[in-house]
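Q: If it helps, the file is called protein22.json and holds JSON, C-alpha atoms:
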```
[["chain", "number", "residue", "atom", "x", "y", "z"],
["A", 1, "MET", "CA", 0.00, 0.00, 0.00],
["A", 2, "SER", "CA", 1.35, 3.46, -0.92],
["A", 3, "SER", "CA", 2.14, 6.02, 1.78],
["A", 4, "SER", "CA", -0.72, 8.26, 0.56],
["A", 5, "ALA", "CA", -3.14, 5.34, 0.76],
["A", 6, "THR", "CA", -1.86, 4.49, 4.25],
["A", 7, "ASP", "CA", -2.27, 8.12, 5.35],
["A", 8, "GLY", "CA", -5.76, 8.19, 3.89],
["A", 9, "ALA", "CA", -6.76, 5.05, 5.80],
["A", 10, "LYS", "CA", -5.28, 6.47, 9.01],
["A", 11, "ASN", "CA", -7.07, 9.79, 8.52],
["A", 12, "GLY", "CA", -10.33, 7.95, 7.88],
["A", 13, "LYS", "CA", -10.02, 5.98, 11.12],
["A", 14, "SER", "CA", -9.23, 9.06, 13.21],
["A", 15, "PHE", "CA", -12.12, 10.90, 11.55],
["A", 16, "ASP", "CA", -14.49, 8.01, 12.34],
["A", 17, "ALA", "CA", -13.33, 8.03, 15.97],
["A", 18, "ILE", "CA", -14.53, 11.63, 16.36],
["A", 19, "PHE", "CA", -18.02, 10.56, 15.29],
["A", 20, "GLN", "CA", -18.19, 8.29, 18.32],
["A", 21, "VAL", "CA", -17.29, 11.24, 20.56],
["A", 22, "ILE", "CA", -20.03, 13.36, 18.99],
["A", 23, "LEU", "CA", -22.52, 10.50, 19.29],
["A", 24, "ARG", "CA", -21.88, 10.23, 23.05],
["A", 25, "GLU", "CA", -22.13, 14.00, 23.51],
["A", 26, "LEU", "CA", -25.48, 14.20, 21.77],
["A", 27, "THR", "CA", -27.20, 11.11, 23.16],
["A", 28, "SER", "CA", -25.69, 10.27, 26.58],
["A", 29, "ASN", "CA", -26.35, 11.75, 30.01],
["A", 30, "ALA", "CA", -29.89, 12.98, 29.45],
["A", 31, "PRO", "CA", -30.56, 16.07, 31.60],
["A", 32, "ASP", "CA", -34.05, 14.66, 32.19],
["A", 33, "PRO", "CA", -34.50, 10.88, 32.49],
["A", 34, "GLY", "CA", -37.87, 11.29, 30.83],
["A", 35, "ILE", "CA", -36.27, 12.11, 27.46],
["A", 36, "GLN", "CA", -33.77, 9.22, 27.39],
["A", 37, "GLN", "CA", -35.98, 7.15, 25.08],
["A", 38, "ALA", "CA", -35.98, 10.02, 22.58],
["A", 39, "LEU", "CA", -32.20, 10.27, 22.84],
["A", 40, "ASP", "CA", -31.94, 6.51, 22.25],
["A", 41, "TRP", "CA", -34.01, 6.98, 19.08],
["A", 42, "PHE", "CA", -31.84, 9.88, 17.94],
["A", 43, "GLN", "CA", -28.76, 7.73, 18.51],
["A", 44, "GLN", "CA", -30.23, 5.18, 16.09],
["A", 45, "VAL", "CA", -31.00, 7.99, 13.63],
["A", 46, "LEU", "CA", -27.38, 9.15, 13.74],
["A", 47, "GLU", "CA", -25.85, 5.68, 13.57],
["A", 48, "TYR", "CA", -28.11, 4.55, 10.72],
["A", 49, "ASN", "CA", -27.88, 7.65, 8.57],
["A", 50, "VAL", "CA", -24.56, 9.37, 9.13],
["A", 51, "PRO", "CA", -21.25, 7.40, 9.43],
["A", 52, "HIS", "CA", -21.34, 5.69, 6.03],
["A", 53, "GLY", "CA", -20.28, 6.39, 2.48],
["A", 54, "LYS", "CA", -17.13, 8.12, 1.26],
["A", 55, "LYS", "CA", -17.41, 11.10, 3.65],
["A", 56, "ASN", "CA", -15.57, 13.28, 1.13],
["A", 57, "ARG", "CA", -17.21, 16.49, 2.30],
["A", 58, "GLY", "CA", -16.30, 15.94, 5.94],
["A", 59, "LEU", "CA", -12.75, 14.81, 5.23],
["A", 60, "SER", "CA", -12.31, 17.86, 2.98],
["A", 61, "VAL", "CA", -12.63, 20.10, 6.04],
["A", 62, "VAL", "CA", -9.77, 18.23, 7.74],
["A", 63, "ASP", "CA", -7.59, 18.11, 4.61],
["A", 64, "THR", "CA", -8.12, 21.80, 3.87],
["A", 65, "TYR", "CA", -7.36, 22.82, 7.46],
["A", 66, "ARG", "CA", -4.07, 20.91, 7.37],
["A", 67, "LEU", "CA", -3.12, 22.49, 4.06],
["A", 68, "LEU", "CA", -3.91, 25.96, 5.44],
["A", 69, "LYS", "CA", -1.62, 25.34, 8.41],
["A", 70, "LYS", "CA", 1.15, 24.72, 5.85],
["A", 71, "ASN", "CA", 2.63, 21.60, 7.44],
["A", 72, "ALA", "CA", 3.08, 23.32, 10.79],
["A", 73, "HIS", "CA", 2.67, 21.14, 13.86],
["A", 74, "ILE", "CA", -1.05, 20.96, 14.52],
["A", 75, "PRO", "CA", -2.07, 20.24, 18.12],
["A", 76, "GLU", "CA", -4.28, 17.17, 18.35],
["A", 77, "GLU", "CA", -7.09, 19.25, 19.86],
["A", 78, "ASP", "CA", -7.13, 21.58, 16.83],
["A", 79, "ASP", "CA", -7.06, 18.64, 14.42],
["A", 80, "GLN", "CA", -10.01, 17.14, 16.25],
["A", 81, "LYS", "CA", -11.93, 20.40, 15.95],
["A", 82, "ALA", "CA", -11.49, 20.24, 12.18],
["A", 83, "ALA", "CA", -12.91, 16.70, 12.28],
["A", 84, "VAL", "CA", -15.86, 17.91, 14.39],
["A", 85, "LEU", "CA", -16.68, 20.51, 11.73],
["A", 86, "GLY", "CA", -16.33, 17.79, 9.10],
["A", 87, "TRP", "CA", -18.94, 15.68, 10.87],
["A", 88, "CYS", "CA", -21.26, 18.70, 11.04],
["A", 89, "VAL", "CA", -21.10, 18.79, 7.24],
["A", 90, "GLU", "CA", -21.74, 15.03, 7.01],
["A", 91, "ILE", "CA", -24.75, 15.21, 9.34],
["A", 92, "ARG", "CA", -26.31, 17.90, 7.17],
["A", 93, "ASN", "CA", -25.87, 15.66, 4.14],
["A", 94, "VAL", "CA", -28.25, 12.98, 5.37],
["A", 95, "GLY", "CA", -31.44, 12.54, 3.35],
["A", 96, "LEU", "CA", -34.41, 11.96, 5.65],
["A", 97, "ILE", "CA", -38.09, 11.17, 5.37],
["A", 98, "ALA", "CA", -39.35, 11.88, 8.89],
["A", 99, "ILE", "CA", -39.58, 15.62, 9.46],
["A", 100, "ASN", "CA", -38.85, 15.29, 13.18],
["A", 101, "ASP", "CA", -35.62, 13.44, 12.45],
["A", 102, "ALA", "CA", -34.70, 16.18, 9.99],
["A", 103, "PHE", "CA", -35.26, 18.87, 12.61],
["A", 104, "TYR", "CA", -33.19, 16.90, 15.09],
["A", 105, "LEU", "CA", -30.21, 16.41, 12.77],
["A", 106, "GLU", "CA", -30.24, 20.08, 11.73],
["A", 107, "ASN", "CA", -30.19, 21.21, 15.34],
["A", 108, "ALA", "CA", -27.67, 18.54, 16.33],
["A", 109, "VAL", "CA", -25.16, 20.42, 14.16],
["A", 110, "TYR", "CA", -25.62, 23.58, 16.21],
["A", 111, "ALA", "CA", -25.41, 21.66, 19.48],
["A", 112, "ILE", "CA", -22.12, 20.13, 18.36],
["A", 113, "ILE", "CA", -20.73, 23.52, 17.31],
["A", 114, "LYS", "CA", -21.71, 25.12, 20.63],
["A", 115, "THR", "CA", -20.07, 22.31, 22.61],
["A", 116, "HIS", "CA", -16.77, 22.50, 20.76],
["A", 117, "PHE", "CA", -16.44, 26.11, 19.58],
["A", 118, "ASP", "CA", -18.29, 28.36, 22.04],
["A", 119, "GLY", "CA", -15.82, 31.04, 23.15],
["A", 120, "LEU", "CA", -13.48, 30.61, 20.18],
["A", 121, "PRO", "CA", -12.97, 33.48, 17.70],
["A", 122, "SER", "CA", -14.39, 31.32, 14.90],
["A", 123, "TYR", "CA", -17.63, 30.41, 16.74],
["A", 124, "VAL", "CA", -19.95, 33.10, 15.40],
["A", 125, "LYS", "CA", -18.56, 32.88, 11.86],
["A", 126, "ILE", "CA", -19.05, 29.11, 11.80],
["A", 127, "MET", "CA", -22.63, 29.39, 13.10],
["A", 128, "GLU", "CA", -23.46, 32.11, 10.59],
["A", 129, "LEU", "CA", -21.98, 30.08, 7.75],
["A", 130, "PHE", "CA", -24.09, 27.01, 8.55],
["A", 131, "HIS", "CA", -27.24, 29.15, 8.72],
["A", 132, "GLU", "CA", -26.38, 30.83, 5.43],
["A", 133, "VAL", "CA", -25.63, 27.60, 3.58],
["A", 134, "THR", "CA", -28.75, 25.94, 5.02],
["A", 135, "MET", "CA", -30.90, 28.67, 3.48],
["A", 136, "GLN", "CA", -29.02, 28.43, 0.18],
["A", 137, "THR", "CA", -29.45, 24.65, 0.04],
["A", 138, "ILE", "CA", -33.16, 24.86, 0.86],
["A", 139, "THR", "CA", -33.54, 27.43, -1.93],
["A", 140, "GLY", "CA", -31.73, 25.19, -4.43],
["A", 141, "GLN", "CA", -33.79, 22.15, -3.44],
["A", 142, "CYS", "CA", -36.95, 24.18, -3.93],
["A", 143, "LEU", "CA", -35.87, 25.30, -7.41],
["A", 144, "ASP", "CA", -35.10, 21.70, -8.30],
["A", 145, "MET", "CA", -38.48, 20.48, -7.06],
["A", 146, "VAL", "CA", -40.62, 23.15, -8.74],
["A", 147, "SER", "CA", -38.79, 22.50, -12.01],
["A", 148, "SER", "CA", -39.73, 18.81, -12.00],
["A", 149, "ARG", "CA", -43.16, 18.59, -10.38],
["A", 150, "PRO", "CA", -44.77, 15.19, -11.08],
["A", 151, "ASP", "CA", -48.29, 16.65, -10.88],
["A", 152, "GLU", "CA", -47.83, 18.99, -13.85],
["A", 153, "PRO", "CA", -46.79, 18.55, -17.51],
["A", 154, "VAL", "CA", -43.12, 19.08, -18.23],
["A", 155, "ASP", "CA", -42.63, 22.75, -19.09],
["A", 156, "PHE", "CA", -39.53, 23.09, -21.26],
["A", 157, "SER", "CA", -39.86, 26.88, -21.20],
["A", 158, "THR", "CA", -38.44, 26.77, -17.65],
["A", 159, "PHE", "CA", -35.55, 24.46, -18.62],
["A", 160, "THR", "CA", -33.12, 27.31, -19.24],
["A", 161, "SER", "CA", -29.40, 27.65, -18.62],
["A", 162, "GLN", "CA", -30.16, 30.35, -16.07],
["A", 163, "ARG", "CA", -32.52, 28.09, -14.11],
["A", 164, "TYR", "CA", -30.05, 25.20, -14.26],
["A", 165, "ASP", "CA", -27.16, 27.39, -13.07],
["A", 166, "SER", "CA", -29.24, 28.61, -10.13],
["A", 167, "ILE", "CA", -30.23, 25.09, -9.09],
["A", 168, "VAL", "CA", -26.61, 23.94, -9.18],
["A", 169, "LYS", "CA", -25.24, 26.99, -7.39],
["A", 170, "TYR", "CA", -27.66, 26.84, -4.49],
["A", 171, "LYS", "CA", -28.34, 23.11, -4.20],
["A", 172, "THR", "CA", -24.83, 21.75, -4.75],
["A", 173, "ALA", "CA", -21.95, 24.20, -5.07],
["A", 174, "TYR", "CA", -22.32, 26.20, -1.86],
["A", 175, "TYR", "CA", -22.84, 23.14, 0.32],
["A", 176, "SER", "CA", -20.57, 20.55, -1.24],
["A", 177, "PHE", "CA", -17.66, 22.79, -2.22],
["A", 178, "TYR", "CA", -17.62, 26.19, -0.51],
["A", 179, "LEU", "CA", -18.81, 25.09, 2.95],
["A", 180, "PRO", "CA", -16.03, 22.57, 3.76],
["A", 181, "VAL", "CA", -13.26, 24.99, 2.70],
["A", 182, "ALA", "CA", -14.80, 28.05, 4.37],
["A", 183, "LEU", "CA", -15.15, 26.13, 7.66],
["A", 184, "ALA", "CA", -11.48, 25.16, 7.55],
["A", 185, "MET", "CA", -10.52, 28.76, 6.74],
["A", 186, "TYR", "CA", -12.40, 30.12, 9.76],
["A", 187, "LEU", "CA", -10.88, 27.44, 12.00],
["A", 188, "ALA", "CA", -7.43, 28.40, 10.72],
["A", 189, "GLY", "CA", -8.08, 32.05, 11.56],
["A", 190, "ILE", "CA", -8.69, 33.30, 8.02],
["A", 191, "TYR", "CA", -11.54, 35.81, 8.27],
["A", 192, "ASP", "CA", -10.81, 38.44, 5.63],
["A", 193, "GLU", "CA", -13.53, 38.94, 3.05],
["A", 194, "ASP", "CA", -11.12, 38.97, 0.11],
["A", 195, "SER", "CA", -9.84, 35.44, 0.79],
["A", 196, "HIS", "CA", -13.36, 34.09, 1.25],
["A", 197, "GLN", "CA", -14.61, 35.73, -1.94],
["A", 198, "ARG", "CA", -11.67, 34.27, -3.88],
["A", 199, "ALA", "CA", -12.32, 30.80, -2.46],
["A", 200, "LYS", "CA", -16.04, 31.10, -3.21],
["A", 201, "ALA", "CA", -15.46, 32.12, -6.84],
["A", 202, "ILE", "CA", -13.21, 29.12, -7.48],
["A", 203, "LEU", "CA", -15.29, 26.60, -5.57],
["A", 204, "LEU", "CA", -18.65, 27.60, -7.04],
["A", 205, "GLU", "CA", -17.16, 27.13, -10.51],
["A", 206, "MET", "CA", -15.89, 23.72, -9.43],
["A", 207, "GLY", "CA", -19.27, 22.84, -7.95],
["A", 208, "HIS", "CA", -20.95, 23.65, -11.25],
["A", 209, "PHE", "CA", -18.49, 21.41, -13.09],
["A", 210, "PHE", "CA", -19.16, 18.60, -10.58],
["A", 211, "GLN", "CA", -22.93, 18.76, -11.05],
["A", 212, "VAL", "CA", -22.66, 18.73, -14.85],
["A", 213, "GLN", "CA", -20.52, 15.59, -14.46],
["A", 214, "ASP", "CA", -23.24, 14.05, -12.29],
["A", 215, "ASP", "CA", -25.90, 14.82, -14.88],
["A", 216, "TYR", "CA", -23.79, 13.33, -17.66],
["A", 217, "LEU", "CA", -22.99, 10.18, -15.68],
["A", 218, "ASP", "CA", -26.66, 9.76, -14.78],
["A", 219, "CYS", "CA", -27.36, 9.08, -18.47],
["A", 220, "PHE", "CA", -24.08, 7.84, -19.92],
["A", 221, "GLY", "CA", -22.31, 6.34, -16.88],
["A", 222, "THR", "CA", -22.00, 2.62, -16.20],
["A", 223, "PRO", "CA", -24.53, 1.57, -13.53],
["A", 224, "GLU", "CA", -22.14, -1.08, -12.15],
["A", 225, "ILE", "CA", -19.53, 1.61, -11.52],
["A", 226, "LEU", "CA", -21.97, 4.30, -10.40],
["A", 227, "GLY", "CA", -23.68, 1.93, -8.00],
["A", 228, "LYS", "CA", -27.10, 3.08, -9.25],
["A", 229, "ILE", "CA", -29.23, 3.41, -12.36],
["A", 230, "GLY", "CA", -29.72, 6.97, -13.54],
["A", 231, "THR", "CA", -33.24, 8.39, -13.25],
["A", 232, "ASP", "CA", -32.99, 12.04, -14.32],
["A", 233, "ILE", "CA", -35.00, 11.46, -17.50],
["A", 234, "GLN", "CA", -37.98, 9.78, -15.86],
["A", 235, "ASP", "CA", -37.73, 12.11, -12.87],
["A", 236, "ARG", "CA", -38.12, 15.06, -15.32],
["A", 237, "LYS", "CA", -35.05, 16.80, -13.91],
["A", 238, "CYS", "CA", -33.92, 20.17, -15.22],
["A", 239, "GLY", "CA", -30.47, 18.70, -15.88],
["A", 240, "TRP", "CA", -27.53, 19.78, -18.00],
["A", 241, "LEU", "CA", -28.16, 17.28, -20.80],
["A", 242, "ILE", "CA", -31.77, 18.24, -21.45],
["A", 243, "VAL", "CA", -31.01, 21.96, -21.16],
["A", 244, "GLN", "CA", -28.19, 21.69, -23.70],
["A", 245, "ALA", "CA", -30.23, 19.42, -25.98],
["A", 246, "LEU", "CA", -33.07, 21.95, -26.10],
["A", 247, "LEU", "CA", -30.59, 24.60, -27.21],
["A", 248, "ILE", "CA", -29.38, 22.66, -30.24],
["A", 249, "CYS", "CA", -32.20, 20.33, -31.29],
["A", 250, "ASN", "CA", -34.49, 20.85, -34.28],
["A", 251, "ALA", "CA", -38.29, 21.07, -34.10],
["A", 252, "GLU", "CA", -38.83, 17.36, -34.72],
["A", 253, "GLN", "CA", -36.33, 16.34, -32.05],
["A", 254, "ARG", "CA", -37.84, 18.81, -29.57],
["A", 255, "GLU", "CA", -41.26, 17.26, -30.17],
["A", 256, "ARG", "CA", -39.89, 13.79, -29.41],
["A", 257, "LEU", "CA", -38.28, 15.09, -26.24],
["A", 258, "GLN", "CA", -41.54, 16.78, -25.22],
["A", 259, "ASP", "CA", -43.53, 13.60, -25.83],
["A", 260, "ASN", "CA", -41.20, 11.32, -23.85],
["A", 261, "TYR", "CA", -39.26, 13.27, -21.21],
["A", 262, "GLY", "CA", -40.46, 12.60, -17.68],
["A", 263, "ILE", "CA", -42.34, 9.41, -18.51],
["A", 264, "ASP", "CA", -41.18, 6.39, -16.52],
["A", 265, "ARG", "CA", -41.41, 3.79, -19.26],
["A", 266, "PRO", "CA", -38.34, 2.12, -20.82],
["A", 267, "GLU", "CA", -39.37, 2.96, -24.37],
["A", 268, "CYS", "CA", -39.84, 6.65, -23.50],
["A", 269, "ILE", "CA", -36.50, 6.84, -21.72],
["A", 270, "GLN", "CA", -34.82, 5.24, -24.74],
["A", 271, "ARG", "CA", -36.42, 7.73, -27.14],
["A", 272, "VAL", "CA", -34.94, 10.59, -25.13],
["A", 273, "LYS", "CA", -31.55, 8.89, -25.18],
["A", 274, "ASP", "CA", -31.89, 8.38, -28.93],
["A", 275, "VAL", "CA", -32.22, 12.14, -29.37],
["A", 276, "TYR", "CA", -29.17, 12.67, -27.13],
["A", 277, "HIS", "CA", -27.19, 10.32, -29.37],
["A", 278, "GLU", "CA", -28.39, 12.09, -32.51],
["A", 279, "LEU", "CA", -27.21, 15.38, -31.02],
["A", 280, "ALA", "CA", -23.84, 13.83, -30.06],
["A", 281, "MET", "CA", -24.32, 14.89, -26.44],
["A", 282, "GLU", "CA", -21.36, 12.78, -25.33],
["A", 283, "LYS", "CA", -19.12, 14.87, -27.58],
["A", 284, "VAL", "CA", -20.78, 18.08, -26.36],
["A", 285, "TYR", "CA", -19.99, 17.02, -22.79],
["A", 286, "LYS", "CA", -16.37, 16.12, -23.55],
["A", 287, "THR", "CA", -15.86, 19.58, -25.04],
["A", 288, "PHE", "CA", -17.43, 21.14, -21.94],
["A", 289, "GLU", "CA", -15.23, 18.99, -19.68],
["A", 290, "ASP", "CA", -12.00, 20.00, -21.42],
["A", 291, "GLU", "CA", -12.91, 23.69, -21.52],
["A", 292, "SER", "CA", -13.97, 23.63, -17.86],
["A", 293, "ALA", "CA", -10.71, 21.99, -16.78],
["A", 294, "ILE", "CA", -8.70, 24.75, -18.46],
["A", 295, "ARG", "CA", -10.94, 27.47, -17.01],
["A", 296, "ILE", "CA", -10.86, 26.11, -13.44],
["A", 297, "GLN", "CA", -7.10, 25.55, -13.39],
["A", 298, "ASP", "CA", -6.56, 29.03, -14.80],
["A", 299, "LEU", "CA", -8.86, 30.45, -12.11],
["A", 300, "ILE", "CA", -6.93, 28.62, -9.41],
["A", 301, "GLY", "CA", -3.61, 29.89, -10.74],
["A", 302, "LYS", "CA", -4.70, 33.51, -11.04],
["A", 303, "PHE", "CA", -7.27, 33.96, -8.26],
["A", 304, "SER", "CA", -6.07, 32.00, -5.20],
["A", 305, "GLY", "CA", -4.44, 35.09, -3.72],
["A", 306, "SER", "CA", -2.82, 34.29, -0.38],
["A", 307, "LEU", "CA", -4.55, 30.89, -0.20],
["A", 308, "PRO", "CA", -2.51, 27.80, -1.12],
["A", 309, "PRO", "CA", -3.55, 26.64, -4.62],
["A", 310, "SER", "CA", -3.16, 23.07, -3.35],
["A", 311, "ILE", "CA", -6.46, 23.49, -1.47],
["A", 312, "PHE", "CA", -8.33, 23.87, -4.73],
["A", 313, "MET", "CA", -6.24, 21.45, -6.75],
["A", 314, "SER", "CA", -6.92, 18.70, -4.21],
["A", 315, "PHE", "CA", -10.64, 19.19, -4.87],
["A", 316, "PHE", "CA", -10.17, 19.38, -8.62],
["A", 317, "ASN", "CA", -8.04, 16.23, -8.80],
["A", 318, "LYS", "CA", -10.75, 14.29, -6.96],
["A", 319, "ILE", "CA", -13.46, 15.15, -9.45],
["A", 320, "PHE", "CA", -11.78, 15.56, -12.85],
["A", 321, "LYS", "CA", -12.40, 12.61, -15.18],
["A", 322, "ARG", "CA", -14.29, 10.76, -12.45],
["A", 323, "ASN", "CA", -16.61, 7.94, -13.51],
["A", 324, "LYS", "CA", -18.82, 7.71, -10.42]]
```
Would you encode the structure as structure tokens?

A:
Amino acid sequence: MSSSATDGAKNGKSFDAIFQVILRELTSNAPDPGIQQALDWFQQVLEYNVPHGKKNRGLSVVDTYRLLKKNAHIPEEDDQKAAVLGWCVEIRNVGLIAINDAFYLENAVYAIIKTHFDGLPSYVKIMELFHEVTMQTITGQCLDMVSSRPDEPVDFSTFTSQRYDSIVKYKTAYYSFYLPVALAMYLAGIYDEDSHQRAKAILLEMGHFFQVQDDYLDCFGTPEILGKIGTDIQDRKCGWLIVQALLICNAEQRERLQDNYGIDRPECIQRVKDVYHELAMEKVYKTFEDESAIRIQDLIGKFSGSLPPSIFMSFFNKIFKRNK
């Protein structure tokens, strides 16, 4: 095993250990014995929903914080605080059905932050950031839902580049890309507006690129590698492929898309894919991918300012040419 792989495994284990600390803090020692059963339930909610998957968002907080400290000796307590913030990001990522569980997990983040950061210079900034990104994510989710309502006919007039860009910016880019880096910056004592604006500009661009990749892989990716079968077509999503197809298709192709998009039948899904193939959407995506890579790397080189470019390149290297 390579040294980087060994370090990654070690970092993953230490990150997982912090989750157990957080779990005990949130669910042990009930102030009122009468609520212990609720805390036991919330412990199951946390254990079932949170500590699984790749945890890339959470680990990105830790990795970015270490890069910002520029290989200086980091006290174990500070490293653990970065991991705590990482788990706050992971907890927010959980998809839930029960509204009470959703309220609990949202507020669990703020309880964790208060326990570990109250009194620190970064406390208020971190709290404000989570509130801000929560509102942005809710807004993006709403845009996504109203663009693909199952109770109404598909309205291609709303499937615009502007609508797509807004969905991606608010639903994905702020939360998945800007939030982990901004948290690490605040923990490292970087508060100036200029540095945060520079980071935001780069990371929102990267988040847009990431979501376009997701939309492409949903249709053209290999299900065995992705671990799922794409459903954007039948779910009538305002995705990158359909938005681009509507920009370049002819009247006959648009009619076929209109007649079949959003219908959950294999033959309808295939007809949409047939139009994508006619329009050479795979080639359109490859051109976008190459142009985006040049644009993002140029942005990193010219716009990082006092921030280490390695922060952004570590993100970029994880997502460029990915297949899942």

Q: Nearest residue to Asn107 (chain A) out of A:Trp240, A:Tyr216, A:Phe130, A:Phe303, using only C-alpha atoms?

A: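 Closest residue, counting only C-alpha atoms: A:Phe130.
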
Q: Write out as a PyMOL selection string the residues lying within 8 Å of Arg256 (chain A), counting all atoms listed in the file and excluding same-chain residues fewer than 5 positions away.

A: chain A and resi 271-272+275

Q: What's around region 86-88 of chain A at 12 Å? Count all atoms listed in the file, leave out sequence neighbours fewer than 5 positions away in its own chain, and write the answer as a PyMOL selection string.

A: chain A and resi 12+14-23+46+50-52+55-65+79-81+93-94+105-114+116+126-127+129-130+175-176+179-184+187

Q: Pick out the residues sitting within 10 Å of Thr134 (chain A), and hand them over as a PyMOL selection string; count only C-alpha atoms, and ignore anything fewer than 2 positions along from it in its own chain.

A: chain A and resi 92+106+128-132+136-140+170-171+174-175

Q: Using only C-alpha atoms, can you tell me which of A:Leu217, A:Val124, A:Ile74, A:Cys238 comes closest to Ser166 (chain A)?

A: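 When distances to Ser166 (chain A) are compared using only C-alpha atoms, the smallest one comes from A:Cys238.
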
Q: Quick check, in Å to one decimal: how far apart do CA of Ile311 (chain A) and CA of Lys70 (chain A) lie?

A: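 That distance, rounded to one decimal, is 10.6 Å.
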
Q: Using all atoms listed in the file, which protein or nucleic acid residues come within 9 Å of Tyr276 (chain A)? Drop anything in the same chain fewer than 5 positions from it, and give the result as a ChimeraX atom specification.

A: /A:241-242,245,271,281-282
